[in-house]
Amino acid sequence: MSQDWDNLVILDACRYDHFLEQNTLRGSLRPVLSKGAHSWEFMRNNFAGKSLYDTVYVTGNPHTPKLPDNTFHAIDITHNPSEPEKTIQMALDAHEKYPDKRLIIHIMSPHAPHLGKTAKKLRERNEELNTSKTGNSSGQNIWKSTIEGQVTREELRQAYQESVDIALEHAETLVNELDGKSVITSDHGEMLGERVFPLTHRQYAHPHNLYTRELRFVPWFEVEQDSETRREVVSEPPTAFNRPDKETVDNRLEALGYKS
């Protein structure tokens, strides 16, 4: 929070190496060590216990309600965490409503469920597999499907890569619409089947209590600005936080693969 920015765009679970390879925006990129290897650890270590009254947090992350009510000036939570365009529109609305505040926009892509053609094909295929095996069509998250051999590691990485591309497209749309200095970063990375000594199994997603380069090093990308216009930011008392109920939070967590 002490860094210099007006808009901080967080791409959830975006690995530094994939950002480096896939980003096409102009700007300055460096790897930074995140304060967390999963979303809540990142939020707790960056936001909890602080009075960030010059900032509005627009987010699709279902862990957000764990933050105290008076952390930010305002918190806007999307009901569609797996639809980044919804978060983008909420961010633009928030900028119009709070023109004198810093903005944190936490987009859930490229976090699973992944977006893109490969992910869609895998979901369709695995829903059929799960239906024939369990008698229902609920499907299962891509990490579990990879561990069980229904999805190859190559397919998983391709789905993740396409989701990174889509997340970057949304981030570009957003920073082109917002004034001020924009930075794109991530809360943590993602394990895509790497082996971690001394563990015997390949690791996927971002399990708690696992700290690897893939999870902790994230991009810090300062977007090149066409103008030097900066936002006049003021700090004001927080507004009321309309917390979602437990059932809504559980449904969002399940949609993101945390619950089954």
# chains A, B, ... in the order shown; residues from 1 in each chain; ligands from 1
>>> residues_around(residues="segment 6-8 of chain A", least_positions_apart="6", cutoff="10 Å", atoms="only C-alpha atoms", output="PyMOL selection string")
chain A and resi 55-57+91+95+100-106+174-175+178-186+220-222+230-233
>>> residues_around(residues="His208 of chain A", least_positions_apart="6", cutoff="12 Å", atoms="only C-alpha atoms", output="number ranges by chain")
A: 36-42, 188, 190-191, 215-216, 258
>>> write_last_selection(atoms="C-alpha atoms", output="PDB file, in the first residue's frame")
ATOM      1  CA  GLY A  36       1.112 -14.307   0.767  1.00  0.00           C
ATOM      2  CA  ALA A  37       0.985 -17.582  -1.136  1.00  0.00           C
ATOM      3  CA  HIS A  38      -2.831 -17.578  -1.208  1.00  0.00           C
ATOM      4  CA  SER A  39      -5.473 -14.826  -1.297  1.00  0.00           C
ATOM      5  CA  TRP A  40      -6.418 -14.509   2.364  1.00  0.00           C
ATOM      6  CA  GLU A  41      -2.778 -14.520   3.491  1.00  0.00           C
ATOM      7  CA  PHE A  42      -2.108 -11.742   0.954  1.00  0.00           C
ATOM      8  CA  HIS A 188       0.056 -15.026  -5.516  1.00  0.00           C
ATOM      9  CA  GLU A 190      -0.035 -20.924  -9.162  1.00  0.00           C
ATOM     10  CA  MET A 191       1.451 -24.403  -9.122  1.00  0.00           C
ATOM     11  CA  LEU A 215       3.658 -18.970  -5.621  1.00  0.00           C
ATOM     12  CA  ARG A 216       5.511 -16.097  -3.945  1.00  0.00           C
ATOM     13  CA  TYR A 258     -12.182 -24.292  -2.789  1.00  0.00           C
TER      14      TYR A 258
END
>>> atom_distance(atom1="atom CA of Arg26 of chain A", atom2="atom CA of Gln3 of chain A")
19.5 Å
>>> select_by_dssp(residues="segment 8-52 of chain A", states="strand (DSSP E)", output="short mmCIF file (atom, residue, chain, number, x, y, z; two decimals) with all heavy atoms, in the first residue's frame")
data_model
loop_
_atom_site.label_atom_id
_atom_site.label_comp_id
_atom_site.auth_asym_id
_atom_site.auth_seq_id
_atom_site.Cartn_x
_atom_site.Cartn_y
_atom_site.Cartn_z
N LEU A 8 -4.50 -0.05 -8.71
CA LEU A 8 -3.76 -1.30 -8.54
C LEU A 8 -4.64 -2.44 -9.03
O LEU A 8 -5.66 -2.75 -8.42
CB LEU A 8 -3.38 -1.51 -7.08
CG LEU A 8 -2.50 -2.73 -6.80
CD1 LEU A 8 -1.12 -2.59 -7.41
CD2 LEU A 8 -2.39 -2.99 -5.30
N VAL A 9 -4.27 -3.04 -10.15
CA VAL A 9 -5.04 -4.13 -10.74
C VAL A 9 -4.40 -5.45 -10.32
O VAL A 9 -3.25 -5.72 -10.67
CB VAL A 9 -5.07 -4.01 -12.28
CG1 VAL A 9 -5.94 -5.12 -12.87
CG2 VAL A 9 -5.60 -2.64 -12.70
N ILE A 10 -5.13 -6.24 -9.56
CA ILE A 10 -4.64 -7.54 -9.08
C ILE A 10 -5.25 -8.63 -9.93
O ILE A 10 -6.48 -8.79 -9.98
CB ILE A 10 -5.02 -7.75 -7.60
CG1 ILE A 10 -4.41 -6.65 -6.72
CG2 ILE A 10 -4.55 -9.13 -7.12
CD1 ILE A 10 -4.89 -6.70 -5.28
N LEU A 11 -4.41 -9.40 -10.61
CA LEU A 11 -4.86 -10.56 -11.37
C LEU A 11 -4.62 -11.78 -10.48
O LEU A 11 -3.47 -12.16 -10.22
CB LEU A 11 -4.08 -10.69 -12.68
CG LEU A 11 -4.11 -9.47 -13.61
CD1 LEU A 11 -3.34 -9.75 -14.89
CD2 LEU A 11 -5.54 -9.04 -13.91
N GLY A 27 5.40 -0.86 -20.55
CA GLY A 27 5.62 -0.45 -19.17
C GLY A 27 6.86 -1.09 -18.60
O GLY A 27 7.68 -1.67 -19.33
N SER A 28 6.99 -1.02 -17.29
CA SER A 28 8.17 -1.52 -16.59
C SER A 28 7.77 -2.67 -15.68
O SER A 28 6.90 -2.52 -14.83
CB SER A 28 8.80 -0.39 -15.76
OG SER A 28 9.85 -0.86 -14.96
N LEU A 29 8.43 -3.82 -15.86
CA LEU A 29 8.09 -5.04 -15.12
C LEU A 29 9.25 -5.47 -14.23
O LEU A 29 10.40 -5.46 -14.66
CB LEU A 29 7.73 -6.17 -16.09
CG LEU A 29 7.50 -7.55 -15.47
CD1 LEU A 29 6.27 -7.55 -14.57
CD2 LEU A 29 7.36 -8.61 -16.57
N ARG A 30 8.91 -5.89 -13.01
CA ARG A 30 9.90 -6.51 -12.13
C ARG A 30 9.18 -7.54 -11.27
O ARG A 30 7.98 -7.42 -11.00
CB ARG A 30 10.62 -5.49 -11.25
CG ARG A 30 9.70 -4.69 -10.33
CD ARG A 30 10.48 -3.59 -9.62
NE ARG A 30 9.61 -2.69 -8.89
CZ ARG A 30 9.32 -2.81 -7.60
NH1 ARG A 30 9.86 -3.81 -6.89
NH2 ARG A 30 8.54 -1.94 -6.99
N PRO A 31 9.90 -8.59 -10.86
CA PRO A 31 9.30 -9.55 -9.92
C PRO A 31 9.36 -9.01 -8.51
O PRO A 31 10.36 -8.39 -8.11
CB PRO A 31 10.18 -10.79 -10.09
CG PRO A 31 11.52 -10.24 -10.49
CD PRO A 31 11.25 -8.99 -11.28
N VAL A 32 8.31 -9.24 -7.74
CA VAL A 32 8.29 -8.84 -6.33
C VAL A 32 7.83 -10.03 -5.50
O VAL A 32 7.14 -10.92 -5.99
CB VAL A 32 7.38 -7.62 -6.08
CG1 VAL A 32 7.94 -6.40 -6.77
CG2 VAL A 32 5.95 -7.91 -6.51
N LEU A 33 8.24 -10.03 -4.24
CA LEU A 33 7.87 -11.11 -3.32
C LEU A 33 6.55 -10.76 -2.66
O LEU A 33 6.46 -9.79 -1.91
CB LEU A 33 8.96 -11.29 -2.27
CG LEU A 33 8.77 -12.45 -1.29
CD1 LEU A 33 8.85 -13.79 -2.01
CD2 LEU A 33 9.81 -12.38 -0.18
N LEU A 52 -7.30 2.28 5.52
CA LEU A 52 -6.97 2.67 4.15
C LEU A 52 -8.13 3.48 3.58
O LEU A 52 -8.78 3.08 2.61
CB LEU A 52 -6.68 1.42 3.32
CG LEU A 52 -5.62 0.48 3.93
CD1 LEU A 52 -5.54 -0.83 3.16
CD2 LEU A 52 -4.26 1.15 3.97
#
>>> closest_residue(among="A:Glu214, A:Asp4, A:Glu236, A:Asp226", to="Phe19 of chain A", atoms="only C-alpha atoms")
A:Glu214
>>> closest_residue(among="A:Thr71, A:Gln225, A:Gln89, A:Gln158", to="His18 of chain A", atoms="only C-alpha atoms")
A:Gln158
>>> closest_residue(among="A:Thr200, A:Ser227, A:Ser235, A:Ser109", to="Glu85 of chain A", atoms="only C-alpha atoms")
A:Ser109
>>> residues_around(residues="Leu122 of chain A", least_positions_apart="4", cutoff="8 Å", atoms="only C-alpha atoms", output="list in words")
Thr118, Asn126 and Val151 of chain A
